[in-house]
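Below is work-v3.csv, which holds CSV, C-alpha atoms.
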chain,number,residue,atom,x,y,z
A,4,MET,CA,-17.2,-2.4,100.3
A,5,ILE,CA,-19.3,-2.6,97.1
A,6,ALA,CA,-19.1,-5.8,95.1
A,7,LEU,CA,-19.1,-5.3,91.4
A,8,ILE,CA,-20.0,-8.6,89.7
A,9,ASP,CA,-17.9,-9.6,86.7
A,10,TYR,CA,-19.7,-12.2,84.5
A,11,GLN,CA,-17.8,-11.2,81.3
A,12,ALA,CA,-20.6,-9.0,80.0
A,13,GLY,CA,-18.8,-5.8,79.3
A,14,ASN,CA,-16.0,-3.7,80.6
A,15,LEU,CA,-16.2,-3.0,84.4
A,16,THR,CA,-13.6,-0.3,84.3
A,17,SER,CA,-15.9,2.7,83.7
A,18,VAL,CA,-18.3,1.6,86.5
A,19,LYS,CA,-15.5,1.0,88.9
A,20,LYS,CA,-14.0,4.4,88.0
A,21,ALA,CA,-17.4,6.2,88.6
A,22,LEU,CA,-17.7,4.5,92.0
A,23,THR,CA,-14.2,5.4,93.0
A,24,THR,CA,-14.9,9.0,91.9
A,25,ILE,CA,-17.7,9.2,94.5
A,26,GLY,CA,-15.5,7.7,97.2
A,27,ALA,CA,-16.8,4.1,97.2
A,28,ASP,CA,-14.6,1.2,98.1
A,29,VAL,CA,-15.1,-1.4,95.3
A,30,PHE,CA,-14.0,-4.9,94.8
A,31,VAL,CA,-14.7,-7.6,92.1
A,32,PRO,CA,-15.4,-10.9,93.9
A,33,GLU,CA,-13.8,-14.0,92.5
A,34,GLY,CA,-16.6,-16.2,93.9
A,35,PRO,CA,-19.9,-15.8,95.6
A,36,GLU,CA,-18.5,-16.5,99.1
A,37,ALA,CA,-16.7,-13.2,98.8
A,38,LEU,CA,-20.1,-11.4,98.8
A,39,ARG,CA,-20.1,-11.9,102.6
A,40,ASP,CA,-17.8,-8.8,102.8
A,41,ALA,CA,-20.1,-6.7,100.6
A,42,ARG,CA,-22.3,-3.9,101.9
A,43,GLY,CA,-24.0,-3.7,98.5
A,44,ILE,CA,-23.9,-5.6,95.2
A,45,ILE,CA,-23.9,-4.1,91.6
A,46,VAL,CA,-24.6,-6.3,88.6
A,47,PRO,CA,-23.6,-4.3,85.5
A,48,GLY,CA,-23.5,-5.6,81.9
A,49,VAL,CA,-24.0,-4.9,78.2
A,50,GLY,CA,-24.9,-7.3,75.4
A,51,HIS,CA,-26.9,-10.4,75.2
A,52,PHE,CA,-29.1,-11.8,78.0
A,53,GLY,CA,-27.5,-15.1,77.5
A,54,ALA,CA,-24.4,-13.8,79.2
A,55,THR,CA,-26.2,-14.0,82.5
A,56,ARG,CA,-26.0,-17.8,82.3
A,57,ALA,CA,-22.6,-17.3,84.0
A,58,LEU,CA,-24.4,-16.3,87.1
A,59,ASP,CA,-25.3,-19.8,88.0
A,60,GLY,CA,-26.8,-21.5,91.1
A,61,VAL,CA,-24.0,-20.7,93.5
A,62,TRP,CA,-23.9,-17.0,92.5
A,63,ILE,CA,-27.7,-16.8,92.7
A,64,GLU,CA,-27.6,-18.4,96.2
A,65,GLY,CA,-24.9,-16.0,97.4
A,66,ILE,CA,-26.7,-12.9,96.0
A,67,LEU,CA,-30.0,-13.9,97.4
A,68,GLU,CA,-28.5,-14.6,100.8
A,69,ARG,CA,-27.1,-11.1,101.0
A,70,ILE,CA,-30.4,-9.6,99.8
A,71,GLY,CA,-32.1,-11.6,102.6
A,72,GLU,CA,-29.8,-9.8,105.0
A,73,GLY,CA,-31.0,-6.5,103.7
A,74,ARG,CA,-28.0,-5.6,101.6
A,75,PRO,CA,-28.9,-3.6,98.5
A,76,LEU,CA,-28.6,-4.8,94.9
A,77,LEU,CA,-28.4,-2.6,91.8
A,78,GLY,CA,-28.7,-3.9,88.2
A,79,ILE,CA,-27.3,-1.8,85.4
A,80,CYS,CA,-28.6,-2.3,81.8
A,81,LEU,CA,-28.4,-6.0,81.2
A,82,GLY,CA,-28.0,-6.4,85.0
A,83,MET,CA,-31.4,-4.7,85.4
A,84,HIS,CA,-33.0,-7.2,83.0
A,85,TRP,CA,-31.6,-10.0,85.1
A,86,LEU,CA,-33.6,-8.8,88.1
A,87,PHE,CA,-36.8,-9.7,86.2
A,88,GLU,CA,-38.2,-13.2,85.4
A,89,GLY,CA,-36.5,-13.3,82.0
A,90,SER,CA,-36.0,-11.8,78.6
A,91,ASP,CA,-37.3,-12.6,75.1
A,92,GLU,CA,-33.7,-12.3,74.1
A,93,ALA,CA,-32.9,-15.7,75.7
A,94,PRO,CA,-36.4,-17.2,76.4
A,95,ASP,CA,-34.9,-20.5,77.8
A,96,LEU,CA,-32.9,-18.7,80.5
A,97,PRO,CA,-34.7,-17.5,83.6
A,98,GLY,CA,-33.7,-14.2,85.3
A,99,LEU,CA,-33.3,-13.8,89.0
A,100,GLY,CA,-37.0,-13.3,89.4
A,101,LEU,CA,-36.9,-10.6,92.1
A,102,LEU,CA,-39.1,-8.4,90.0
A,103,SER,CA,-42.1,-9.6,88.0
A,104,GLY,CA,-42.4,-9.4,84.3
A,105,GLN,CA,-40.5,-10.3,81.1
A,106,CYS,CA,-38.1,-8.0,79.2
A,107,ARG,CA,-38.7,-7.6,75.5
A,108,ARG,CA,-37.2,-6.0,72.4
A,109,LEU,CA,-38.1,-2.5,71.5
A,110,VAL,CA,-40.2,-2.1,68.4
A,111,SER,CA,-38.4,-0.6,65.4
A,112,SER,CA,-39.7,1.5,62.6
A,113,GLU,CA,-38.5,3.8,59.9
A,114,ALA,CA,-38.5,6.6,62.5
A,115,ILE,CA,-37.3,4.6,65.5
A,116,LYS,CA,-33.9,2.9,65.1
A,117,ILE,CA,-32.8,0.0,67.3
A,118,PRO,CA,-30.6,-0.1,69.3
A,119,HIS,CA,-31.6,2.9,71.2
A,120,VAL,CA,-28.2,4.8,71.7
A,121,GLY,CA,-27.7,8.2,73.2
A,122,TRP,CA,-29.1,10.7,75.7
A,123,ASN,CA,-32.7,10.5,76.7
A,124,THR,CA,-35.0,12.0,79.3
A,125,LEU,CA,-36.1,10.4,82.6
A,126,SER,CA,-39.8,10.9,83.4
A,127,LEU,CA,-40.1,10.4,87.2
A,128,GLN,CA,-43.2,8.4,88.3
A,129,ARG,CA,-42.9,8.5,92.0
A,130,ASP,CA,-40.4,9.2,94.9
A,131,ALA,CA,-37.7,6.6,95.4
A,132,SER,CA,-34.4,6.6,97.3
A,133,ILE,CA,-32.4,5.6,94.2
A,134,LEU,CA,-33.5,8.9,92.6
A,135,GLU,CA,-33.0,11.2,95.5
A,136,GLY,CA,-31.7,14.5,94.2
A,137,VAL,CA,-32.5,13.7,90.6
A,138,ALA,CA,-34.8,16.1,88.8
A,139,ASP,CA,-37.6,15.1,86.6
A,140,GLN,CA,-36.6,15.3,82.9
A,141,SER,CA,-32.9,14.7,83.7
A,142,GLN,CA,-30.9,13.4,80.8
A,143,VAL,CA,-29.1,10.0,81.0
A,144,TYR,CA,-27.2,7.9,78.5
A,145,PHE,CA,-28.7,4.7,77.0
A,146,THR,CA,-27.5,1.9,74.8
A,147,HIS,CA,-29.8,-1.1,74.5
A,148,SER,CA,-32.3,-3.0,72.3
A,149,TYR,CA,-34.4,-4.7,75.0
A,150,VAL,CA,-36.4,-3.1,77.8
A,151,ALA,CA,-38.1,-4.0,81.1
A,152,PRO,CA,-41.9,-3.6,81.3
A,153,LEU,CA,-43.7,-0.8,83.1
A,154,THR,CA,-44.8,-2.2,86.5
A,155,SER,CA,-45.6,-1.0,90.0
A,156,GLU,CA,-41.8,-1.0,90.7
A,157,THR,CA,-41.2,1.6,87.9
A,158,VAL,CA,-39.9,4.8,89.5
A,159,ALA,CA,-38.9,6.5,86.2
A,160,MET,CA,-39.7,5.8,82.6
A,161,ALA,CA,-38.2,6.9,79.3
A,162,GLU,CA,-39.5,6.7,75.7
A,163,HIS,CA,-38.0,5.4,72.5
A,164,GLY,CA,-41.0,4.9,70.2
A,165,GLU,CA,-42.7,3.5,73.3
A,166,PRO,CA,-42.5,3.9,77.0
A,167,PHE,CA,-40.4,1.6,79.1
A,168,SER,CA,-38.9,1.3,82.6
A,169,ALA,CA,-35.8,3.4,82.9
A,170,VAL,CA,-35.5,3.0,86.7
A,171,VAL,CA,-37.1,0.4,89.0
A,172,GLN,CA,-36.9,0.0,92.8
A,173,ARG,CA,-38.5,-2.2,95.4
A,174,ALA,CA,-37.1,-1.7,98.9
A,175,ASN,CA,-33.3,-2.3,98.5
A,176,ILE,CA,-33.5,-3.8,95.0
A,177,ALA,CA,-33.0,-1.3,92.2
A,178,GLY,CA,-32.2,-1.3,88.5
A,179,VAL,CA,-31.4,1.3,85.8
A,180,GLN,CA,-31.7,0.7,82.1
A,181,PHE,CA,-29.2,3.4,81.2
A,182,HIS,CA,-25.5,3.6,82.1
A,183,PRO,CA,-25.0,5.9,85.2
A,184,GLU,CA,-21.2,5.7,84.8
A,185,LYS,CA,-21.7,7.5,81.4
A,186,SER,CA,-24.5,9.9,82.5
A,187,GLY,CA,-22.5,12.7,84.1
A,188,GLU,CA,-23.5,14.2,87.4
A,189,VAL,CA,-27.0,12.6,87.3
A,190,GLY,CA,-25.5,9.2,87.0
A,191,LEU,CA,-23.1,9.8,89.8
A,192,GLN,CA,-25.9,11.0,92.0
A,193,ILE,CA,-27.8,7.7,91.4
A,194,LEU,CA,-24.6,5.8,92.3
A,195,ARG,CA,-24.3,8.0,95.5
A,196,ASN,CA,-27.9,7.1,96.4
A,197,PHE,CA,-27.1,3.4,96.0
A,198,ILE,CA,-24.0,3.8,98.3
A,199,GLN,CA,-26.3,5.5,100.8
A,200,LEU,CA,-28.6,2.5,100.7
A,201,ALA,CA,-25.6,0.3,101.4
A,202,GLY,CA,-25.1,2.3,104.6

Kindly present the structure from the file in C-alpha cells form.
Amino acid sequence: MIALIDYQAGNLTSVKKALTTIGADVFVPEGPEALRDARGIIVPGVGHFGATRALDGVWIEGILERIGEGRPLLGICLGMHWLFEGSDEAPDLPGLGLLSGQCRRLVSSEAIKIPHVGWNTLSLQRDASILEGVADQSQVYFTHSYVAPLTSETVAMAEHGEPFSAVVQRANIAGVQFHPEKSGEVGLQILRNFIQLAG
C-alpha cells in the first residue's frame, strides 16, 4: 500500500489515477498513525510552500519513523521542496530537512516567464533507481515558480533560464520537480520505479 498524503495542497485525483494505472494500491491516510500500513509514502502538492504547515509535528514524526524503517518517500513538486531545509517562499517555515539546501524563486526576465509551465527536458546527471528506464533528454511536464538547488543529491536537472534540480535522490528518499502524473509514459515509469523501491 502506498500512502498519498493529503494536506490540502492540490488535487490528489490525478496522482491516485496514475498510481492505479500502474497497479499500485493507494490510500489517503487520515492521520499519521495510518502510515504504519504504508510500504511507501508520496507527498504531492501544488501552490505555496506555506501549505506544508499542515504537515505538523505528528505528521513529521510519523513520516520520519517510516523512513527510519527504510520505507521510501517521494516528494512531487511542492512535496519535493518540503524535503529540503526550507523555501524562500515561506522563510519562517522549515522544511523536513532530509536534503540540504534552500528552495528559491526562479529568476524572470523578458525572455523567461514565471511560472515555468509546460514540457521541458531532463538532463540526467548520474544513475539513480528512481530514473531506471528513463532516457536522457526525456520530456516531462512542469508547472512551478520555485526550484530546489543543484546538490550532490541531484540526479537530473532541467533549465528555465537557469539550471535547477528536476530529480533528486538519496537512498530511499526521492523528489521530482515536475508532475509525473501528467508526464505520460516517462512519468509512469518514474512512479513504477518508486513502487519498486517500496518492494

To one decimal place in Å, what is the distance between CA of Phe52 (chain A) and CA of Leu102 (chain A)?
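These two atoms are separated by 16.0 Å.
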
So that I can see what lies close to Ile8 (chain A), please list as an mmCIF file with C-alpha atoms, in the frame of the given file the residues with an atom at most 9 Å from it, counting all atoms listed in the file and leaving out residues fewer than 5 positions away in the same chain.
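That gives us result-v1.cif:
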data_model
loop_
_atom_site.group_PDB
_atom_site.id
_atom_site.type_symbol
_atom_site.label_atom_id
_atom_site.label_comp_id
_atom_site.auth_asym_id
_atom_site.auth_seq_id
_atom_site.Cartn_x
_atom_site.Cartn_y
_atom_site.Cartn_z
ATOM 1 C CA LEU A 15 -16.200 -3.000 84.400
ATOM 2 C CA PHE A 30 -14.000 -4.900 94.800
ATOM 3 C CA VAL A 31 -14.700 -7.600 92.100
ATOM 4 C CA PRO A 32 -15.400 -10.900 93.900
ATOM 5 C CA GLU A 33 -13.800 -14.000 92.500
ATOM 6 C CA ILE A 44 -23.900 -5.600 95.200
ATOM 7 C CA ILE A 45 -23.900 -4.100 91.600
ATOM 8 C CA VAL A 46 -24.600 -6.300 88.600
ATOM 9 C CA PRO A 47 -23.600 -4.300 85.500
#

Show me the residues close to (-31.8, -11.5, 81.3) - anything with an atom within 12 Å, counting only C-alpha atoms - and format the list as an MDAnalysis selection string.
chainID A and resid 12 46:58 78:102 104:108 149:151

Do a neighbour search on Arg195 (chain A) at 9 Å with all atoms listed in the file, toss out local chain neighbours closer than 2 positions, and write the hits as a count of residues only.
13

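Picture a line from CA of Leu38 (chain A) to CA of Ala177 (chain A); it runs 17.7 Å.
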
Selection: 6 Å around Pro75 (chain A), all atoms listed in the file, excl. self and same-chain fewer than 3 positions, as a JSON list (two decimals) with C-alpha atoms, in the frame of the given file:
[["chain", "number", "residue", "atom", "x", "y", "z"],
["A", 43, "GLY", "CA", -24.00, -3.70, 98.50],
["A", 175, "ASN", "CA", -33.30, -2.30, 98.50],
["A", 176, "ILE", "CA", -33.50, -3.80, 95.00],
["A", 201, "ALA", "CA", -25.60, 0.30, 101.40]]

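Among the candidates A:Thr146, A:Ala21, A:Glu36, A:Thr154, the residue lying nearest to Glu188 (chain A) is A:Ala21 (atoms considered: all atoms listed in the file).
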
Reconstructed region 21-39 of chain A, atom set N, CA and C atoms, as a PDB file, in the coordinates of the input:
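out_0.pdb, freshly written:
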ATOM      1  N   ALA A  21     -16.295   5.285  88.105  1.00  0.00           N
ATOM      2  CA  ALA A  21     -17.400   6.200  88.600  1.00  0.00           C
ATOM      3  C   ALA A  21     -17.561   5.979  90.092  1.00  0.00           C
ATOM      4  N   LEU A  22     -17.561   4.732  90.552  1.00  0.00           N
ATOM      5  CA  LEU A  22     -17.700   4.500  92.000  1.00  0.00           C
ATOM      6  C   LEU A  22     -16.579   5.012  92.795  1.00  0.00           C
ATOM      7  N   THR A  23     -15.368   4.877  92.267  1.00  0.00           N
ATOM      8  CA  THR A  23     -14.200   5.400  93.000  1.00  0.00           C
ATOM      9  C   THR A  23     -14.267   6.935  93.029  1.00  0.00           C
ATOM     10  N   THR A  24     -14.774   7.565  91.965  1.00  0.00           N
ATOM     11  CA  THR A  24     -14.900   9.000  91.900  1.00  0.00           C
ATOM     12  C   THR A  24     -15.777   9.545  93.069  1.00  0.00           C
ATOM     13  N   ILE A  25     -16.809   8.768  93.440  1.00  0.00           N
ATOM     14  CA  ILE A  25     -17.700   9.200  94.500  1.00  0.00           C
ATOM     15  C   ILE A  25     -17.270   8.688  95.887  1.00  0.00           C
ATOM     16  N   GLY A  26     -16.081   8.099  95.935  1.00  0.00           N
ATOM     17  CA  GLY A  26     -15.500   7.700  97.200  1.00  0.00           C
ATOM     18  C   GLY A  26     -15.880   6.303  97.691  1.00  0.00           C
ATOM     19  N   ALA A  27     -16.426   5.471  96.811  1.00  0.00           N
ATOM     20  CA  ALA A  27     -16.800   4.100  97.200  1.00  0.00           C
ATOM     21  C   ALA A  27     -15.627   3.169  97.150  1.00  0.00           C
ATOM     22  N   ASP A  28     -15.582   2.248  98.103  1.00  0.00           N
ATOM     23  CA  ASP A  28     -14.600   1.200  98.100  1.00  0.00           C
ATOM     24  C   ASP A  28     -15.247   0.024  97.253  1.00  0.00           C
ATOM     25  N   VAL A  29     -14.558  -0.396  96.198  1.00  0.00           N
ATOM     26  CA  VAL A  29     -15.100  -1.400  95.300  1.00  0.00           C
ATOM     27  C   VAL A  29     -14.192  -2.576  95.154  1.00  0.00           C
ATOM     28  N   PHE A  30     -14.791  -3.770  95.067  1.00  0.00           N
ATOM     29  CA  PHE A  30     -14.000  -4.900  94.800  1.00  0.00           C
ATOM     30  C   PHE A  30     -14.770  -5.846  93.808  1.00  0.00           C
ATOM     31  N   VAL A  31     -14.045  -6.667  93.056  1.00  0.00           N
ATOM     32  CA  VAL A  31     -14.700  -7.600  92.100  1.00  0.00           C
ATOM     33  C   VAL A  31     -14.478  -9.009  92.726  1.00  0.00           C
ATOM     34  N   PRO A  32     -15.555  -9.586  93.263  1.00  0.00           N
ATOM     35  CA  PRO A  32     -15.400 -10.900  93.900  1.00  0.00           C
ATOM     36  C   PRO A  32     -15.097 -12.000  92.943  1.00  0.00           C
ATOM     37  N   GLU A  33     -14.183 -12.882  93.342  1.00  0.00           N
ATOM     38  CA  GLU A  33     -13.800 -14.000  92.500  1.00  0.00           C
ATOM     39  C   GLU A  33     -14.860 -15.121  92.580  1.00  0.00           C
ATOM     40  N   GLY A  34     -15.570 -15.168  93.678  1.00  0.00           N
ATOM     41  CA  GLY A  34     -16.600 -16.200  93.900  1.00  0.00           C
ATOM     42  C   GLY A  34     -17.679 -15.653  94.789  1.00  0.00           C
ATOM     43  N   PRO A  35     -18.822 -16.325  94.850  1.00  0.00           N
ATOM     44  CA  PRO A  35     -19.900 -15.800  95.600  1.00  0.00           C
ATOM     45  C   PRO A  35     -19.690 -15.752  97.135  1.00  0.00           C
ATOM     46  N   GLU A  36     -18.757 -16.564  97.623  1.00  0.00           N
ATOM     47  CA  GLU A  36     -18.500 -16.500  99.100  1.00  0.00           C
ATOM     48  C   GLU A  36     -17.899 -15.170  99.481  1.00  0.00           C
ATOM     49  N   ALA A  37     -17.246 -14.481  98.542  1.00  0.00           N
ATOM     50  CA  ALA A  37     -16.700 -13.200  98.800  1.00  0.00           C
ATOM     51  C   ALA A  37     -17.741 -12.099  99.051  1.00  0.00           C
ATOM     52  N   LEU A  38     -18.976 -12.383  98.640  1.00  0.00           N
ATOM     53  CA  LEU A  38     -20.100 -11.400  98.800  1.00  0.00           C
ATOM     54  C   LEU A  38     -20.378 -11.170 100.292  1.00  0.00           C
ATOM     55  N   ARG A  39     -19.912 -12.065 101.165  1.00  0.00           N
ATOM     56  CA  ARG A  39     -20.100 -11.900 102.600  1.00  0.00           C
ATOM     57  C   ARG A  39     -19.551 -10.549 103.084  1.00  0.00           C
TER      58      ARG A  39
END
